[in-house]
Every structure is written in structure tokens, then in C-alpha cells.
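Peer 1: Sharing a structure with you now.
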Amino acid sequence: MLRSRYLRILWFFGRVLLQVLLWDIFLPAMGLRWMAVRNRTRRLRSIAASFRAMAIQMGGVMIKVGQFLSARLDVLPREITDELVNLQDEVRPERFEDIRRVIEEEFGEALESRFEWFNPEPLAAASIGQVHHARLRAEEGVPCTGVVVKVQRPGIDQIVAVDLAALRVVGRWIQWYEPVRKRAHVPALLEEFSHSLYEEMDYLLEGKHAETFAENFAGDAGVCVPRVIWSHTTRRVLTLEDVRAIKITDYAAIETAGLNRKEVAERLFATYLKQIFEDRFFHADPHPGNLFVSPPSQETGEPWKLIFVDFGMVGHLTETTLSGLREALIAIGTQDAGRLVRAYQQLHILLPGADLELIEKASAEAFSRFWGRTAPELTGMAREEILDFAREFRDVLYEMPFQVPENFILLGRCVSILSGICSGLDPDFNIWEQITPYTQKLVENDRGNGLRFLTTEVTDTLRILIGLPRRSDALLNRIEQGKLTVQTPELKEDIRRVEKSIRRLSWGILFAAFFLGGIQLYLNGDVNLALASGGGAFLSLLIFVFSK
């Protein structure tokens, strides 16, 4: 079974890569790009839909891969990410007998010895584990009796190991494809993904994450995190206080409870600003099944609360990344295009050779055209206005000189899902209005550290002034000696592309000659010569595909 699973994954991705070679590399090189463009959208949607169906059927790592890929807007076409963005853990639950066996193996005793009551029907079934409602026996030191129990699927360790082994092979294949290779190092991404996945499978670590999150919001009465019942928790079984309430996408129930959906969206967004920019530790999987809203209690007088569950996937930000994100947020809040480009550089999300001046100009124009608009206003923009922007900055839009570092993936996926939830709660949700007050807070903090920033600026300026005479003298000497050279990276790049096209065209012509010659030889009965010609065609095709 595991062997067939391994081969099925390789077969699926192998077929996809062969399609890419045919439609996106071979046909355009032969002057038939129009054929590839004509059905591109349909092909990509078909590939994404096929993967989605396979992921739901196979479960295991495949659903996690789909969720991971849905955040790679910098590498994958939108047709694919749009299809995968709503991929959830839609898998069949395990038999209760198997779940019982896992629990009893972990605790070394019968299920009934640990739980007074255990619902055999799961509340939810995910790719790694499933959740059941239960009631603990009343014992000293147990803070609650109503609990939810998260139990790992039996044999999931072996399934994950097989899936990751297959994906590592696929990753090496994909790394050959230049449009992907120049934006991401696929093997490194897979290792980051594997590390995150194995952390998610350690329920002891998830319990610690939940407690860290609770400590970070200990002073906020509007945020709730379930308590971990450590006496009933192991690496494969996690027992939490039952804090289920209104699902955050149940808009009718939220309104029936007397809550303002706009206020819910604003609080949710504000909690993530705090998680990212103050705690450097964030809940990285904010899909609707992990977020609830608890209505206010008239009996206790407690206010309504946002409830976060499932801390298997969390993100940690380094000080360097946080500094770059703060710069980017201040730049967006103050509409400072130059500062935004510097933030991009600090975050290392620009490809080498990116045209910084053009990116800054495009950012400034984007601020002018789009800043302050709500989602419906952006959606309702005149088509001509969007086309004008696309025409003016077609080089930036075509080249897309951005890459997302490995440690940035979880944050990108998190923000993407969060944006959708906030817009669902409040169709007029205005992200600019939410960012501006926080930006002002960051700017005030910068002013509070004004001496440090002033010292940095003065030091940089003095360094430039001190070195200016020496550099000027060197420049004059080169001019006198006739050794002055002018760098023209655009021209060099154009020449390189032409040379590459000529080389590949030569191999393409050679492939066609061998291929057609082999057919003619075969028809004439010269089978051996036909096979030799076919070998030459195959070799020419390989060089044509992988030549740089």
C-alpha cells in the first residue's frame, strides 16, 4: 500500500511536469506559443482540480501540500492557487476501534479508565488526526470535565515518511525548471515544510504553543485559548478544554448573538497585528475551523471573545524579519514608496537584478491609485484604469521580480487566509483604516528612538563623504587611461537571451531532423537506423529542454 502511494504521487507530478515541458517550453520554442496560451487557463485549472481530488482521496501530506502551495503566489499561477486556497482537511474519519487503540497505547490503560464518556463520532477529521468530544472523570486538579480530544491517525508516521520521500524526488525534478528555480529553492522549501509538518504532529509541542499564546494574551479579556489538560496529553493525544462556540464564518449566528460583524473583523485583524509585530509568534492556520466567537455572558458579565484553537501550525519571526516587516508596514501606512522598496531589500524578497527604480515608481503609482479603497471598491474599479496601470508597468508585472524566502511562507499563507475571513465578516473591511493607527504607533516608537536613527544616518552620510575624494580620483584616472567602462545590464541580458534562443532553436531543429528522418527510415524498413535516429532525437530533445 505504501509503495503504491509513493508511485502514485510520482506518477501524478511526472505527468504534470511533462505537460509543462510540452506546452510551456517546447511549443513556445518552436514558435507555437499561441497554442499554449489559448488553453492555458483551462489546463491549469484542470491540473489543480485533479490535485485537489487526489489530495482529498489520499489525505496524509497531500492536503498539507495543497494548503502550502496555495500561498505560493510568487511561484504558481493564480489559476492553481485559487483552486487550492479553500482546500481543507476533507478526509474520511478513522474507525473508532482504531482511535481507541491509539489512546489506549498512549496511556497504557483502557479508554474508560481515563474518560467518563467518549463520543465515538468525531467532531472533525483532518489529515493528521481527528477530534472527539469527551468528558473527564471528576478528579482533583482537573480544571474542567468537558473536553475535546485530538487523536493522531494510526500509522500516520509511515504515511508522512513515504509522502515526503516522494515529494523530495519531485522537488529535484522541479528545481530544473528555471522560472521556479530563480524564485525559490524547492528542496529547501520542502525541508522547511517537513520541519513544520513534524512539529504539527507533536501534540506535546502543540500544547506548549497553546500556553505561549495564552500567556501573550493574558491581559486581553477579548481573546480566549483553551486550557491544556496535561494529565491526558501525550505526543499522539491532546486533550483540551471544550471552548467551542459560534464558528467565525457562521454570520447568521454571529448576528443573532447581537454581535457586530465589522467589530469582529477588526478585533481579529488587530490580534494578528499584535501577534506578528509585538509577540513575533503567531497562530499560522487561521482557517474557519480554528476560529470561534463566544457571545457575551449576561450571567457573568464577561464580554464577547475571539476563540483560537489548533496550535499545531505556528510561526516564529526573527528580529531581522520583524524589522523588515515593520519598515514595510510604516511604508504602506505613510505611502512611502522608497521606504517600501528598502523594506523589500531588508526582507530579501527581491530577485537579484530587480529594477529598484521601476519598482519604486510602480509602488508610488499603486499607492496613488489603490490606497484607501475597500475590497468592493477595488473589485468595482473600471477595467480601463487597471489596464492603464498594467500597460505602464508591464515590465514589472511580466517579470514579477519577487521571491518569498522559506521562513516567510507561513506568514504569507496566514495573511492570505486572514484577509479572506475579514472580508467575509465585513464586505467593506478596509485594511488601510486598520493599518493606519498601528503605523502611527510604530512611527511614534521610531521617534522615541530618534537618537539612534539620527546617529545611523549621520554615520552613513560621513562614510560616503569621506570616501568621495578617493572614488573621484580613481574615476578620473580611469578616464585618462581610457579604461572607463559603462555597465549595461539590460543589453547584456538581451544578448544572453538571444544567444540562448539560438542555441535552443538549433537543438530544436536537430530534434525535428532526427525525428522526421527516423520516421522515414522506419517506413522504408531500416529499423536499426530508425532506432538510432530516434535515439538522436531523444538526446536532442533532452538538451533542448534543459539547456540554459
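To be explicit about the labels: the chains of the C-alpha cells are called A, B, and onward in the order shown, and within each one the residues are counted from 1, while ligands get numbers from 1 in the order they are shown.
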Quick one: pick out all alpha helix (DSSP H) residues within stretch 101-243 of chain A from a backbone DSSP run and write them as a VMD selection string.

Peer 2: chain A and resid 101 to 107 111 to 114 156 to 174 178 to 181 186 to 200 203 to 216

Peer 1: At a cut-off of 8 Å, using only C-alpha atoms, what residues contact A:Ala343? Leave out same-chain residues fewer than 4 positions from it and give the result as a list in words.

Peer 2: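 The neighbour list is Gly324, Leu325, Glu327, Ala328, Arg339 and Leu347 of chain A.
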
Peer 1: Kindly save the residues from that selection, with N, CA and C atoms included, as an mmCIF file, in the first residue's frame.

Peer 2:
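Final output, selection.cif:
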```cif
data_model
loop_
_atom_site.group_PDB
_atom_site.id
_atom_site.type_symbol
_atom_site.label_atom_id
_atom_site.label_comp_id
_atom_site.auth_asym_id
_atom_site.auth_seq_id
_atom_site.Cartn_x
_atom_site.Cartn_y
_atom_site.Cartn_z
ATOM 1 N N GLY A 324 12.143 44.216 9.081
ATOM 2 C CA GLY A 324 11.733 44.465 7.707
ATOM 3 C C GLY A 324 10.230 44.626 7.570
ATOM 4 N N LEU A 325 9.471 43.808 8.298
ATOM 5 C CA LEU A 325 8.016 43.908 8.253
ATOM 6 C C LEU A 325 7.532 45.238 8.831
ATOM 7 N N GLU A 327 9.206 48.024 8.793
ATOM 8 C CA GLU A 327 9.515 49.024 7.770
ATOM 9 C C GLU A 327 8.457 49.015 6.665
ATOM 10 N N ALA A 328 8.067 47.804 6.238
ATOM 11 C CA ALA A 328 7.065 47.688 5.176
ATOM 12 C C ALA A 328 5.728 48.251 5.635
ATOM 13 N N ARG A 339 10.654 53.865 0.888
ATOM 14 C CA ARG A 339 10.843 53.082 2.103
ATOM 15 C C ARG A 339 10.344 51.654 1.907
ATOM 16 N N LEU A 347 14.002 42.471 3.631
ATOM 17 C CA LEU A 347 13.350 41.178 3.775
ATOM 18 C C LEU A 347 13.860 40.144 2.773
#
```

Peer 1: When distances are computed from only C-alpha atoms, which of A:Gln158, A:Thr439, A:Ser196, A:Asn39 shows the smallest separation from A:Arg3?

Peer 2: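 Looking only at the distances to A:Arg3, the closest residue turns out to be A:Gln158.
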
Peer 1: Tell me, as a VMD selection string, which residues lie within 10 Å of A:Lys274, counting only C-alpha atoms; anything in the same chain fewer than 5 positions away does not count.

Peer 2: chain A and resid 216 to 217 269 279 to 282 438

Peer 1: For those residues, write N, CA and C atoms to a file as a compact mmCIF listing (two decimals), in the first residue's frame.

Peer 2:
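Full text of part.txt as output:
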```
# COMPACT_ATOMS: atom_id res chain seq x y z
N ASN A 216 0.61 35.31 26.01
CA ASN A 216 0.75 36.56 25.26
C ASN A 216 -0.52 37.40 25.31
N PHE A 217 -1.68 36.74 25.47
CA PHE A 217 -2.96 37.47 25.53
C PHE A 217 -3.59 37.41 26.92
N PHE A 269 -8.27 41.16 13.12
CA PHE A 269 -7.11 41.74 12.44
C PHE A 269 -6.14 42.34 13.46
N ASP A 279 4.57 40.13 19.44
CA ASP A 279 4.94 38.84 20.04
C ASP A 279 5.96 38.07 19.21
N ARG A 280 6.00 38.34 17.89
CA ARG A 280 6.84 37.57 16.96
C ARG A 280 6.49 36.08 16.99
N PHE A 281 5.28 35.76 17.36
CA PHE A 281 4.78 34.38 17.47
C PHE A 281 3.31 34.43 17.08
N PHE A 282 2.94 33.72 16.01
CA PHE A 282 1.56 33.86 15.54
C PHE A 282 0.93 32.51 15.20
N TYR A 438 -2.02 51.63 13.68
CA TYR A 438 -0.87 50.84 14.11
C TYR A 438 0.43 51.42 13.54
```

Peer 1: Enumerate, in order of chain and increasing residue number, the residues of stretch 239-300 of chain A with an atom no farther than 7 Å from stretch 417-430 of chain A, each with its shortest atom pair and distance in Å to one decimal, counting only C-alpha atoms, as JSON lines.

Peer 2:
```
{"residue": "A:Arg261", "atom": "CA", "partner": "A:Leu425", "partner_atom": "CA", "distance": 5.4}
{"residue": "A:Lys262", "atom": "CA", "partner": "A:Asp426", "partner_atom": "CA", "distance": 5.1}
{"residue": "A:Ala265", "atom": "CA", "partner": "A:Cys422", "partner_atom": "CA", "distance": 4.9}
{"residue": "A:Pro286", "atom": "CA", "partner": "A:Leu418", "partner_atom": "CA", "distance": 6.4}
{"residue": "A:His287", "atom": "CA", "partner": "A:Ile417", "partner_atom": "CA", "distance": 6.5}
```

Peer 1: Output N, CA and C atoms for every residue in the selection just made, as a PDB file, in the first residue's frame.

Peer 2:
```pdb
ATOM      1  N   ARG A 261     -20.519  42.268  13.044  1.00  0.00           N
ATOM      2  CA  ARG A 261     -19.531  41.544  12.246  1.00  0.00           C
ATOM      3  C   ARG A 261     -18.314  42.415  11.927  1.00  0.00           C
ATOM      4  N   LYS A 262     -18.526  43.699  11.711  1.00  0.00           N
ATOM      5  CA  LYS A 262     -17.415  44.612  11.450  1.00  0.00           C
ATOM      6  C   LYS A 262     -16.465  44.654  12.642  1.00  0.00           C
ATOM      7  N   ALA A 265     -14.356  41.477  12.763  1.00  0.00           N
ATOM      8  CA  ALA A 265     -13.266  41.514  11.780  1.00  0.00           C
ATOM      9  C   ALA A 265     -12.128  42.406  12.267  1.00  0.00           C
ATOM     10  N   PRO A 286      -5.231  30.185  10.469  1.00  0.00           N
ATOM     11  CA  PRO A 286      -6.497  30.802  10.888  1.00  0.00           C
ATOM     12  C   PRO A 286      -7.679  30.453   9.986  1.00  0.00           C
ATOM     13  N   HIS A 287      -7.806  29.183   9.576  1.00  0.00           N
ATOM     14  CA  HIS A 287      -8.958  28.848   8.737  1.00  0.00           C
ATOM     15  C   HIS A 287     -10.210  28.760   9.610  1.00  0.00           C
TER      16      HIS A 287
END
```

Peer 1: Looking at only C-alpha atoms, which of A:Phe402, A:Pro295, A:Cys414, A:Ile156 is the one that sits closest to A:Leu350?

Peer 2: A:Phe402

Peer 1: Looking at only C-alpha atoms, which of A:Glu178, A:Glu278, A:Glu211, A:Asp336 is the one that sits closest to A:Leu322?

Peer 2: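 The closest residue to A:Leu322 is A:Glu278.
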
Peer 1: What does the structure give for the distance between atom CA of A:Ala354 and atom CA of A:Leu69, in Å to one decimal?

Peer 2: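 A separation of 24.3 Å between them.
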
Peer 1: Which residue out of A:Ser194, A:Thr239, A:Asn119, A:Thr41 has the minimum interatomic distance to A:Val65 when only C-alpha atoms are used?

Peer 2: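 Among A:Ser194, A:Thr239, A:Asn119, A:Thr41, it is A:Ser194 that comes nearest to A:Val65.
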
Peer 1: Could you pull the residues within 9 Å of A:Ser363, counting only C-alpha atoms, minus those fewer than 3 positions along the same chain, as a VMD selection string?

Peer 2: chain A and resid 335 to 338 340 to 341 358 to 360 366 to 368

Peer 1: Pull N, CA and C atoms from the residues just selected and write them as a PDB file, in the first residue's frame.

Peer 2:
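And here's again.pdb as it stands now:
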```pdb
ATOM      1  N   GLN A 335       2.495  55.691   2.879  1.00  0.00           N
ATOM      2  CA  GLN A 335       2.538  55.741   1.416  1.00  0.00           C
ATOM      3  C   GLN A 335       3.908  56.181   0.919  1.00  0.00           C
ATOM      4  N   ASP A 336       4.954  55.602   1.508  1.00  0.00           N
ATOM      5  CA  ASP A 336       6.330  55.939   1.167  1.00  0.00           C
ATOM      6  C   ASP A 336       6.900  54.827   0.289  1.00  0.00           C
ATOM      7  N   ALA A 337       6.889  55.046  -1.033  1.00  0.00           N
ATOM      8  CA  ALA A 337       7.315  54.004  -1.973  1.00  0.00           C
ATOM      9  C   ALA A 337       8.796  53.669  -1.824  1.00  0.00           C
ATOM     10  N   GLY A 338       9.635  54.677  -1.584  1.00  0.00           N
ATOM     11  CA  GLY A 338      11.063  54.427  -1.416  1.00  0.00           C
ATOM     12  C   GLY A 338      11.343  53.566  -0.202  1.00  0.00           C
ATOM     13  N   LEU A 340       9.291  51.490   1.094  1.00  0.00           N
ATOM     14  CA  LEU A 340       8.766  50.150   0.830  1.00  0.00           C
ATOM     15  C   LEU A 340       9.795  49.313   0.077  1.00  0.00           C
ATOM     16  N   VAL A 341      10.470  49.912  -0.905  1.00  0.00           N
ATOM     17  CA  VAL A 341      11.500  49.181  -1.647  1.00  0.00           C
ATOM     18  C   VAL A 341      12.647  48.796  -0.720  1.00  0.00           C
ATOM     19  N   LEU A 358      12.196  51.221 -11.041  1.00  0.00           N
ATOM     20  CA  LEU A 358      10.891  50.936 -11.637  1.00  0.00           C
ATOM     21  C   LEU A 358       9.909  50.400 -10.587  1.00  0.00           C
ATOM     22  N   ILE A 359      10.413  49.549  -9.670  1.00  0.00           N
ATOM     23  CA  ILE A 359       9.549  49.016  -8.609  1.00  0.00           C
ATOM     24  C   ILE A 359       9.056  50.149  -7.708  1.00  0.00           C
ATOM     25  N   GLU A 360       9.956  51.090  -7.384  1.00  0.00           N
ATOM     26  CA  GLU A 360       9.551  52.231  -6.553  1.00  0.00           C
ATOM     27  C   GLU A 360       8.508  53.077  -7.269  1.00  0.00           C
ATOM     28  N   ALA A 366       0.834  52.752  -7.470  1.00  0.00           N
ATOM     29  CA  ALA A 366      -0.168  51.884  -6.837  1.00  0.00           C
ATOM     30  C   ALA A 366      -0.776  52.564  -5.610  1.00  0.00           C
ATOM     31  N   PHE A 367       0.061  53.219  -4.813  1.00  0.00           N
ATOM     32  CA  PHE A 367      -0.465  53.984  -3.668  1.00  0.00           C
ATOM     33  C   PHE A 367      -1.460  55.035  -4.150  1.00  0.00           C
ATOM     34  N   SER A 368      -1.078  55.733  -5.219  1.00  0.00           N
ATOM     35  CA  SER A 368      -1.926  56.815  -5.734  1.00  0.00           C
ATOM     36  C   SER A 368      -3.274  56.303  -6.217  1.00  0.00           C
TER      37      SER A 368
END
```

Peer 1: So which bits of stretch 170-356 of chain A end up strand (DSSP E or B) when you DSSP the backbone, as a list in words?

Peer 2: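 Filtering stretch 170-356 of chain A down to strand (DSSP E or B) leaves Val223, Cys224, Val228, Val237, Leu238, Thr239, Leu240, Glu241, Ile246, Lys247, Phe281, Phe282, His283, Leu291, Phe292, Val293, Ser294, Lys305, Leu306, Ile307, Phe308, Val314, Gly315, His316 and Leu350 of chain A.
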
Peer 1: Can you tell me which residues surround A:Val91 at a distance of at most 8 Å, considering only C-alpha atoms, apart from same-chain residues fewer than 6 positions away, and format the answer as a short mmCIF file (atom, residue, chain, number, x, y, z; two decimals) with N, CA and C atoms, in the first residue's frame?

Peer 2:
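Below you can see out-v5.cif, which holds the result:
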```cif
data_model
loop_
_atom_site.label_atom_id
_atom_site.label_comp_id
_atom_site.auth_asym_id
_atom_site.auth_seq_id
_atom_site.Cartn_x
_atom_site.Cartn_y
_atom_site.Cartn_z
N ILE A 56 -7.69 14.98 -1.45
CA ILE A 56 -8.82 14.63 -0.58
C ILE A 56 -8.93 13.12 -0.43
N GLN A 57 -8.68 12.40 -1.54
CA GLN A 57 -8.79 10.94 -1.50
C GLN A 57 -7.65 10.31 -0.70
N GLY A 59 -5.43 11.98 1.48
CA GLY A 59 -5.19 12.54 2.80
C GLY A 59 -3.70 12.65 3.06
N ALA A 125 -12.53 15.55 11.22
CA ALA A 125 -11.49 14.61 10.80
C ALA A 125 -10.53 15.34 9.88
N ALA A 126 -9.27 15.37 10.25
CA ALA A 126 -8.24 16.05 9.47
C ALA A 126 -7.24 15.03 8.93
N SER A 127 -6.26 15.51 8.19
CA SER A 127 -5.32 14.60 7.54
C SER A 127 -4.35 13.95 8.53
#
```

Peer 1: So which residues touch A:Gly60 within 12 Å, counting only C-alpha atoms, skipping near sequence neighbours fewer than 6 positions away, as a ChimeraX atom specification?

Peer 2: /A:2,5-6,9,54,66,89-92,125-129,152-164,197,201
